[in-house]
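J.: Following this message is one structure expressed as structure tokens.
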Amino acid sequence: MSGTIRYRMPDGAEIVSEDGSTVTMHVTLPSDDAGHFGRRCPSCKRIFRMHVEDYHALPDDLRLTCPYCCAEEDHGEFITEQQKDRAMAAAGEYAQQLVAGKLDEMFSVLARKVNSRRGAIRIKYSGGSSRTVRPRPLPPIVEEAPIRERQCAQCSNRYAVFGEHVACPVCGPFRPRVMAEDALEAQEVALAALDQVPDAVLAQLREAGSLERTAAGALGSVVSILETFLKQTFLDRVTGGDTLIVGKGNVFQRLDDAAQLYQDHLGVDLSSGMGTDEWDRLCLLYGIRHLATHANGVVDQKHLTRFPAHGFVLGQRVHVTLADAREAIQLARKLVGAVP
Ligand SMILES: [Zn+2]
Ligand SMILES: [Zn+2]
């Protein structure tokens, strides 16, 4: 019916077919300099990016996993706002030309009918020829992009994420070890960014307490990363492991208790596995983190008793340094490596 309408679509949009009221259109989603294009999780709304070439090789009925929250949906659900705007602009252009084309058809028919009746009235209709249509360019896509590209060791797909992530968008949730290593690396990269900050700005940050908060945050993250790793690995490997930890609170946040569970049920000696000096050092950093989180950094009797030979004074305030945070990341890597 609309075969007479000749559409002129903007660059990046192409009408593939018209079947009744169904129109199929291809709209390109331009990739960035790294060859990535954006994906937005329909659940947590966070953005990640995927390599466009790898993506094209994936099946049409692909389901994606959000690398941050593990929500799994059809890949079409992962459209970003800017991609949606671009698709809507293409659809709008089509609709506009469709309406103009229909009016053109109607007036042409009307003109022919009137003119065929030899009356005094004649209609001259020159119409909106497709030559006069100048489609508006589609809006470009300018989305924030992470610098570092990742490649899944399992499926080889390339993608980029902001911060820590827990799943490959294509093959799903990581094993605990991969997740922990990635999270530790993300912490390391975040701290390394401080090396690029000019000294004057760094001094201001130090004065405002930002560096101390950053260090404490990084150390807290290391504790959480290890807790997740130790817990998940334990539950994966020990049958009935979940009942063993009932009533034990955040047992995997307490290194000595976690070590006992590993010894008793997996026959793994975490402290000798990573080196006892390193183990003691990690325990001490956990102790400092505990004070920073629960006692405003003020040394209490429990801390003194647990770490007698470190020169702490009751009531003294300790704080987490960037060196502490960096050391904790390295020690955490060793601990992860100590689990066979
Ligand atoms: Zn998500
Ligand atoms: Zn993968």
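Residue numbering restarts at 1 for every chain of the structure tokens, chains are lettered A, B, ... in their displayed order, and ligands are numbered from 1 as they appear.
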With only C-alpha atoms as the counted atoms, please give the residues lying no more than 9 Å from stretch 154-156 of chain A, apart from itself and same-chain residues fewer than 4 positions off, as a list of chain:residue names.
T.: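 That gives A:Asp54, A:Cys168, A:Val170, A:Cys171.
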J.: Filtering to N, CA, C and O atoms, could you give me those residues as a PDB file, in the first residue's frame?
T.:
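Dumped everything to result_21.pdb:
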```
ATOM      1  N   ASP A  54      32.759  -8.769  18.698  1.00  0.00           N
ATOM      2  CA  ASP A  54      32.449  -9.991  19.447  1.00  0.00           C
ATOM      3  C   ASP A  54      30.936 -10.156  19.569  1.00  0.00           C
ATOM      4  O   ASP A  54      30.399 -11.258  19.469  1.00  0.00           O
ATOM      5  N   CYS A 168      30.636 -12.313  33.799  1.00  0.00           N
ATOM      6  CA  CYS A 168      30.887 -11.998  32.399  1.00  0.00           C
ATOM      7  C   CYS A 168      29.507 -11.760  31.780  1.00  0.00           C
ATOM      8  O   CYS A 168      28.585 -12.530  32.048  1.00  0.00           O
ATOM      9  N   VAL A 170      28.398 -12.426  29.016  1.00  0.00           N
ATOM     10  CA  VAL A 170      27.943 -13.506  28.138  1.00  0.00           C
ATOM     11  C   VAL A 170      27.816 -14.832  28.887  1.00  0.00           C
ATOM     12  O   VAL A 170      26.804 -15.524  28.771  1.00  0.00           O
ATOM     13  N   CYS A 171      28.842 -15.210  29.672  1.00  0.00           N
ATOM     14  CA  CYS A 171      28.744 -16.543  30.285  1.00  0.00           C
ATOM     15  C   CYS A 171      28.360 -16.536  31.758  1.00  0.00           C
ATOM     16  O   CYS A 171      28.316 -17.598  32.375  1.00  0.00           O
TER      17      CYS A 171
END
```
J.: Enumerate, in order of chain and increasing residue number, the residues of chain A with an atom no farther than 8 Å from ligand 1, each with its shortest atom pair and distance in Å to one decimal, counting only C-alpha atoms and all ligand atoms, as a Markdown table.
T.:
```
| residue | atom | partner | partner_atom_place_in_ligand_line | distance |
| --- | --- | --- | --- | --- |
| A:Arg40 | CA | ligand 1 | 1 (Zn) | 7.8 |
| A:Cys41 | CA | ligand 1 | 1 (Zn) | 4.5 |
| A:Pro42 | CA | ligand 1 | 1 (Zn) | 6.6 |
| A:Ser43 | CA | ligand 1 | 1 (Zn) | 5.0 |
| A:Cys44 | CA | ligand 1 | 1 (Zn) | 3.9 |
| A:Lys45 | CA | ligand 1 | 1 (Zn) | 6.0 |
| A:Arg46 | CA | ligand 1 | 1 (Zn) | 6.0 |
| A:Thr65 | CA | ligand 1 | 1 (Zn) | 7.9 |
| A:Cys66 | CA | ligand 1 | 1 (Zn) | 4.6 |
| A:Pro67 | CA | ligand 1 | 1 (Zn) | 6.7 |
| A:Tyr68 | CA | ligand 1 | 1 (Zn) | 5.1 |
| A:Cys69 | CA | ligand 1 | 1 (Zn) | 4.1 |
| A:Cys70 | CA | ligand 1 | 1 (Zn) | 5.9 |
| A:Ala71 | CA | ligand 1 | 1 (Zn) | 5.4 |
```
J.: Go ahead and dump the residues you just picked, all heavy atoms, as a tab-separated table (two decimals), in the first residue's frame.
T.:
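Printed below is selection_26.tsv as written:
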```tsv
chain	number	residue	atom	x	y	z
A	40	ARG	N	23.07	-1.22	29.13
A	40	ARG	CA	22.62	-0.72	30.42
A	40	ARG	C	21.74	-1.78	31.06
A	40	ARG	O	20.78	-2.26	30.44
A	40	ARG	CB	21.82	0.56	30.22
A	40	ARG	CG	21.27	1.17	31.49
A	40	ARG	CD	20.55	2.45	31.10
A	40	ARG	NE	20.10	3.23	32.22
A	40	ARG	CZ	18.82	3.30	32.60
A	40	ARG	NH1	17.89	2.63	31.95
A	40	ARG	NH2	18.47	4.04	33.62
A	41	CYS	N	22.09	-2.14	32.28
A	41	CYS	CA	21.33	-3.20	32.95
A	41	CYS	C	19.90	-2.74	33.21
A	41	CYS	O	19.68	-1.67	33.79
A	41	CYS	CB	22.01	-3.56	34.27
A	41	CYS	SG	21.01	-4.67	35.28
A	42	PRO	N	18.90	-3.54	32.81
A	42	PRO	CA	17.51	-3.14	33.06
A	42	PRO	C	17.16	-3.18	34.54
A	42	PRO	O	16.19	-2.57	34.96
A	42	PRO	CB	16.70	-4.18	32.29
A	42	PRO	CG	17.61	-5.36	32.12
A	42	PRO	CD	19.01	-4.83	32.10
A	43	SER	N	17.99	-3.86	35.33
A	43	SER	CA	17.67	-3.99	36.76
A	43	SER	C	18.38	-2.92	37.60
A	43	SER	O	17.76	-2.08	38.21
A	43	SER	CB	18.03	-5.39	37.22
A	43	SER	OG	17.75	-5.53	38.58
A	44	CYS	N	19.72	-2.93	37.59
A	44	CYS	CA	20.45	-1.97	38.44
A	44	CYS	C	20.78	-0.67	37.70
A	44	CYS	O	21.29	0.26	38.31
A	44	CYS	CB	21.71	-2.60	39.02
A	44	CYS	SG	23.04	-2.85	37.80
A	45	LYS	N	20.50	-0.62	36.39
A	45	LYS	CA	20.67	0.59	35.56
A	45	LYS	C	22.12	0.98	35.33
A	45	LYS	O	22.39	2.06	34.81
A	45	LYS	CB	19.91	1.81	36.15
A	45	LYS	CG	18.51	1.55	36.64
A	45	LYS	CD	17.58	1.18	35.51
A	45	LYS	CE	16.16	0.98	36.01
A	45	LYS	NZ	15.37	0.10	35.15
A	46	ARG	N	23.06	0.18	35.74
A	46	ARG	CA	24.46	0.56	35.54
A	46	ARG	C	24.90	0.22	34.11
A	46	ARG	O	24.37	-0.69	33.48
A	46	ARG	CB	25.36	-0.12	36.57
A	46	ARG	CG	25.10	0.39	37.98
A	46	ARG	CD	26.04	-0.24	38.98
A	46	ARG	NE	27.42	0.17	38.77
A	46	ARG	CZ	28.46	-0.37	39.40
A	46	ARG	NH1	28.25	-1.31	40.30
A	46	ARG	NH2	29.69	0.05	39.16
A	65	THR	N	23.99	-11.22	30.93
A	65	THR	CA	24.02	-11.15	32.39
A	65	THR	C	24.65	-9.82	32.77
A	65	THR	O	25.70	-9.46	32.23
A	65	THR	CB	24.87	-12.28	32.98
A	65	THR	OG1	24.31	-13.52	32.56
A	65	THR	CG2	24.89	-12.25	34.50
A	66	CYS	N	24.02	-9.10	33.69
A	66	CYS	CA	24.62	-7.83	34.14
A	66	CYS	C	25.90	-8.17	34.91
A	66	CYS	O	25.86	-8.97	35.84
A	66	CYS	CB	23.65	-7.07	35.02
A	66	CYS	SG	24.44	-5.70	35.88
A	67	PRO	N	27.04	-7.56	34.54
A	67	PRO	CA	28.28	-7.90	35.24
A	67	PRO	C	28.32	-7.39	36.67
A	67	PRO	O	29.14	-7.82	37.45
A	67	PRO	CB	29.36	-7.20	34.39
A	67	PRO	CG	28.64	-6.16	33.62
A	67	PRO	CD	27.24	-6.62	33.42
A	68	TYR	N	27.40	-6.46	37.01
A	68	TYR	CA	27.41	-5.90	38.37
A	68	TYR	C	26.43	-6.62	39.31
A	68	TYR	O	26.75	-6.91	40.44
A	68	TYR	CB	27.03	-4.42	38.34
A	68	TYR	CG	27.84	-3.59	37.38
A	68	TYR	CD1	27.26	-3.03	36.25
A	68	TYR	CD2	29.20	-3.36	37.61
A	68	TYR	CE1	28.00	-2.26	35.37
A	68	TYR	CE2	29.94	-2.60	36.74
A	68	TYR	CZ	29.34	-2.05	35.62
A	68	TYR	OH	30.06	-1.29	34.74
A	69	CYS	N	25.19	-6.87	38.81
A	69	CYS	CA	24.17	-7.41	39.74
A	69	CYS	C	23.69	-8.80	39.31
A	69	CYS	O	22.85	-9.39	39.99
A	69	CYS	CB	22.99	-6.45	39.86
A	69	CYS	SG	21.88	-6.46	38.44
A	70	CYS	N	24.21	-9.31	38.17
A	70	CYS	CA	23.87	-10.67	37.70
A	70	CYS	C	22.45	-10.82	37.18
A	70	CYS	O	22.02	-11.95	36.93
A	70	CYS	CB	24.13	-11.73	38.77
A	70	CYS	SG	25.86	-11.97	39.10
A	71	ALA	N	21.72	-9.71	37.01
A	71	ALA	CA	20.39	-9.83	36.39
A	71	ALA	C	20.55	-10.39	34.99
A	71	ALA	O	21.46	-9.98	34.27
A	71	ALA	CB	19.72	-8.46	36.34
```
J.: Apply DSSP to the structure's backbone, then extract all residues of stretch 165-279 of chain A labelled helix (DSSP H, G or I) and return them as a PyMOL selection string.
T.: chain A and resi 176-196+199-207+210-237+241-244+251-253+255-266+270-274+276-279
J.: Using only C-alpha atoms and all ligand atoms, which of A:Ile147, A:Leu62, A:Cys152, A:Met50 sits nearest ligand 2?
T.: A:Cys152
J.: Give me the residues within 9 Å of stretch 204-215 of chain A as a PyMOL selection string, counting only C-alpha atoms and dropping any in the same chain fewer than 3 places off.
T.: chain A and resi 191+199-201+218-220+319-326
J.: Keeping only all heavy atoms, write those residues as a tab-separated table (two decimals), in the first residue's frame.
T.:
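See selection.tsv below for the written result:
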```tsv
chain	number	residue	atom	x	y	z
A	191	LEU	N	43.41	2.94	43.77
A	191	LEU	CA	44.47	3.58	44.58
A	191	LEU	C	45.59	4.12	43.68
A	191	LEU	O	46.16	5.18	43.96
A	191	LEU	CB	45.05	2.57	45.58
A	191	LEU	CG	44.11	2.13	46.71
A	191	LEU	CD1	44.84	1.19	47.66
A	191	LEU	CD2	43.56	3.31	47.49
A	199	ASP	N	50.72	16.94	43.46
A	199	ASP	CA	51.05	17.01	44.89
A	199	ASP	C	50.19	18.01	45.65
A	199	ASP	O	49.75	17.75	46.77
A	199	ASP	CB	52.54	17.37	45.06
A	199	ASP	CG	53.40	16.16	44.71
A	199	ASP	OD1	52.84	15.06	44.56
A	199	ASP	OD2	54.63	16.33	44.56
A	200	ALA	N	49.96	19.18	45.02
A	200	ALA	CA	49.20	20.23	45.72
A	200	ALA	C	47.77	19.75	46.02
A	200	ALA	O	47.23	19.98	47.10
A	200	ALA	CB	49.16	21.49	44.86
A	201	VAL	N	47.18	19.05	45.05
A	201	VAL	CA	45.81	18.53	45.25
A	201	VAL	C	45.82	17.42	46.29
A	201	VAL	O	44.95	17.34	47.16
A	201	VAL	CB	45.23	18.00	43.91
A	201	VAL	CG1	43.83	17.44	44.11
A	201	VAL	CG2	45.23	19.09	42.86
A	218	ALA	N	39.19	1.35	51.09
A	218	ALA	CA	39.84	0.28	50.33
A	218	ALA	C	40.10	-0.93	51.23
A	218	ALA	O	39.88	-2.07	50.82
A	218	ALA	CB	41.15	0.79	49.72
A	219	LEU	N	40.54	-0.67	52.46
A	219	LEU	CA	40.79	-1.78	53.38
A	219	LEU	C	39.48	-2.50	53.69
A	219	LEU	O	39.42	-3.75	53.72
A	219	LEU	CB	41.44	-1.26	54.66
A	219	LEU	CG	41.77	-2.30	55.73
A	219	LEU	CD1	42.66	-3.41	55.19
A	219	LEU	CD2	42.45	-1.64	56.95
A	220	GLY	N	38.41	-1.73	53.89
A	220	GLY	CA	37.09	-2.33	54.13
A	220	GLY	C	36.66	-3.19	52.95
A	220	GLY	O	36.10	-4.28	53.12
A	319	HIS	N	44.90	5.16	62.49
A	319	HIS	CA	44.15	5.35	61.25
A	319	HIS	C	44.77	4.50	60.14
A	319	HIS	O	45.92	4.09	60.22
A	319	HIS	CB	44.09	6.83	60.86
A	319	HIS	CG	45.40	7.39	60.45
A	319	HIS	ND1	46.30	7.91	61.35
A	319	HIS	CD2	45.97	7.52	59.22
A	319	HIS	CE1	47.37	8.32	60.70
A	319	HIS	NE2	47.21	8.10	59.41
A	320	VAL	N	43.96	4.25	59.14
A	320	VAL	CA	44.39	3.41	58.02
A	320	VAL	C	45.14	4.31	57.02
A	320	VAL	O	44.64	5.35	56.61
A	320	VAL	CB	43.18	2.77	57.33
A	320	VAL	CG1	43.64	1.82	56.22
A	320	VAL	CG2	42.31	2.04	58.33
A	321	THR	N	46.33	3.89	56.63
A	321	THR	CA	47.09	4.66	55.64
A	321	THR	C	46.92	4.02	54.25
A	321	THR	O	46.47	2.87	54.13
A	321	THR	CB	48.59	4.67	55.97
A	321	THR	OG1	49.07	3.31	55.86
A	321	THR	CG2	48.85	5.18	57.38
A	322	LEU	N	47.31	4.79	53.25
A	322	LEU	CA	47.25	4.22	51.88
A	322	LEU	C	48.19	3.03	51.77
A	322	LEU	O	47.89	2.06	51.07
A	322	LEU	CB	47.64	5.30	50.86
A	322	LEU	CG	46.59	6.40	50.64
A	322	LEU	CD1	47.16	7.49	49.76
A	322	LEU	CD2	45.32	5.83	50.02
A	323	ALA	N	49.33	3.10	52.47
A	323	ALA	CA	50.27	1.97	52.45
A	323	ALA	C	49.60	0.72	53.04
A	323	ALA	O	49.79	-0.39	52.54
A	323	ALA	CB	51.53	2.32	53.21
A	324	ASP	N	48.83	0.92	54.11
A	324	ASP	CA	48.10	-0.21	54.71
A	324	ASP	C	47.16	-0.83	53.68
A	324	ASP	O	47.09	-2.06	53.53
A	324	ASP	CB	47.24	0.26	55.90
A	324	ASP	CG	48.07	0.67	57.10
A	324	ASP	OD1	49.22	0.22	57.20
A	324	ASP	OD2	47.56	1.45	57.94
A	325	ALA	N	46.43	0.04	53.00
A	325	ALA	CA	45.44	-0.45	52.03
A	325	ALA	C	46.14	-1.22	50.90
A	325	ALA	O	45.68	-2.29	50.50
A	325	ALA	CB	44.63	0.71	51.47
A	326	ARG	N	47.24	-0.66	50.43
A	326	ARG	CA	47.96	-1.34	49.33
A	326	ARG	C	48.51	-2.69	49.80
A	326	ARG	O	48.47	-3.68	49.08
A	326	ARG	CB	49.11	-0.46	48.85
A	326	ARG	CG	48.61	0.75	48.07
A	326	ARG	CD	49.75	1.46	47.36
A	326	ARG	NE	49.22	2.48	46.47
A	326	ARG	CZ	49.31	3.79	46.68
A	326	ARG	NH1	49.94	4.24	47.75
A	326	ARG	NH2	48.79	4.65	45.84
```
J.: Which residue gives the smallest distance to ligand 2 among A:Val166, A:Ala309, A:Ala89, A:Ile121, with only C-alpha atoms and all ligand atoms counted?
T.: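 Under the stated criterion, the closest residue is A:Val166.
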J.: Env of A:Leu244: 10 Å cut, atoms = only C-alpha atoms, seq-sep filter 6 positions within chain, self excluded. Answer as JSON, numbers by chain.
T.: {"A": [235, 238, 261, 265]}
J.: Please write the residues from the selection above to a file, keeping N, CA and C atoms, as a JSON list (two decimals), in the first residue's frame.
T.:
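Written out: result39.json:
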```
[["chain", "number", "residue", "atom", "x", "y", "z"],
["A", 235, "LEU", "N", 31.27, -22.75, 50.88],
["A", 235, "LEU", "CA", 29.93, -23.30, 50.61],
["A", 235, "LEU", "C", 29.92, -24.18, 49.35],
["A", 238, "VAL", "N", 32.11, -27.54, 50.67],
["A", 238, "VAL", "CA", 31.77, -28.33, 51.85],
["A", 238, "VAL", "C", 30.29, -28.68, 51.82],
["A", 261, "LEU", "N", 37.59, -23.01, 60.24],
["A", 261, "LEU", "CA", 36.62, -23.73, 59.39],
["A", 261, "LEU", "C", 37.32, -24.41, 58.22],
["A", 265, "HIS", "N", 37.26, -28.47, 57.90],
["A", 265, "HIS", "CA", 36.37, -29.08, 56.91],
["A", 265, "HIS", "C", 36.99, -29.23, 55.52]]
```
J.: Tell me which protein, DNA and RNA residues are within 8 Å of A:Leu285, counting only C-alpha atoms, leaving out same-chain ones fewer than 3 positions away, and put them as a PyMOL selection string.
T.: chain A and resi 281-282+288-289+324+328
J.: Please save C-alpha atoms of the selected residues as a PDB file, in the first residue's frame.
T.:
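Written output follows (out15.pdb):
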```pdb
ATOM      1  CA  ARG A 281      50.184  -8.885  59.118  1.00  0.00           C
ATOM      2  CA  LEU A 282      46.794  -9.392  57.440  1.00  0.00           C
ATOM      3  CA  ILE A 288      42.945  -1.868  62.527  1.00  0.00           C
ATOM      4  CA  ARG A 289      40.026  -1.943  60.131  1.00  0.00           C
ATOM      5  CA  ASP A 324      48.098  -0.213  54.712  1.00  0.00           C
ATOM      6  CA  ALA A 328      46.183  -5.434  52.367  1.00  0.00           C
TER       7      ALA A 328
END
```
J.: Can you measure atom CA of A:Phe307 to atom CA of A:Tyr286 for me? One decimal in Å is fine.
T.: 11.2 Å
J.: When you look at A:Gly287 with a cut-off of 12 Å (counting only C-alpha atoms), what residues show up, excluding the ones that are within fewer than 6 positions of it in the same chain? I need them as a PyMOL selection string.
T.: chain A and resi 219-220+223+253-256+280-281+293-295+297-300+302-308+310+312+318-320+324+328
J.: Measuring atom to atom with only C-alpha atoms and all ligand atoms, identify which of A:Phe37, A:Tyr7, A:Trp279, A:Phe174 is nearest to ligand 2.
T.: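 When distances to ligand 2 are compared using only C-alpha atoms and all ligand atoms, the smallest one comes from A:Phe174.
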J.: Please identify all polymer residues within 8 Å of A:His36, counting only C-alpha atoms, omitting same-chain residues fewer than 6 positions from it, and present them as a count of residues only.
T.: 6
J.: Name the residues of stretch 137-334 of chain A that fall into strand (DSSP E) according to DSSP on the backbone, using the chain letters and numbers of this document, as a VMD selection string.
T.: chain A and resid 150 to 151 158 to 160 167 to 168 172 to 173
J.: Could you tell me how far atom CA of A:His165 lies from atom CA of A:Glu181, in Å and to one decimal?
T.: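 Atom CA of A:His165 sits 10.5 Å away from atom CA of A:Glu181.
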J.: Between A:Leu98, A:Ile47, A:Val222, A:Val109, which residue has the minimum interatomic distance to A:Phe162, considering only C-alpha atoms?
T.: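 The answer is A:Ile47, which sits nearest to A:Phe162.
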J.: With distances taken over only C-alpha atoms, which of A:Met9, A:Arg175, A:Leu230, A:Ala91 is nearest to A:Thr22?
T.: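 Closest to A:Thr22 of all the choices is A:Ala91.
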J.: So how far away is atom CA of A:Asp11 from atom CA of A:Thr80, in Å?
T.: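 Here the two named atoms are 19.8 Å from each other.
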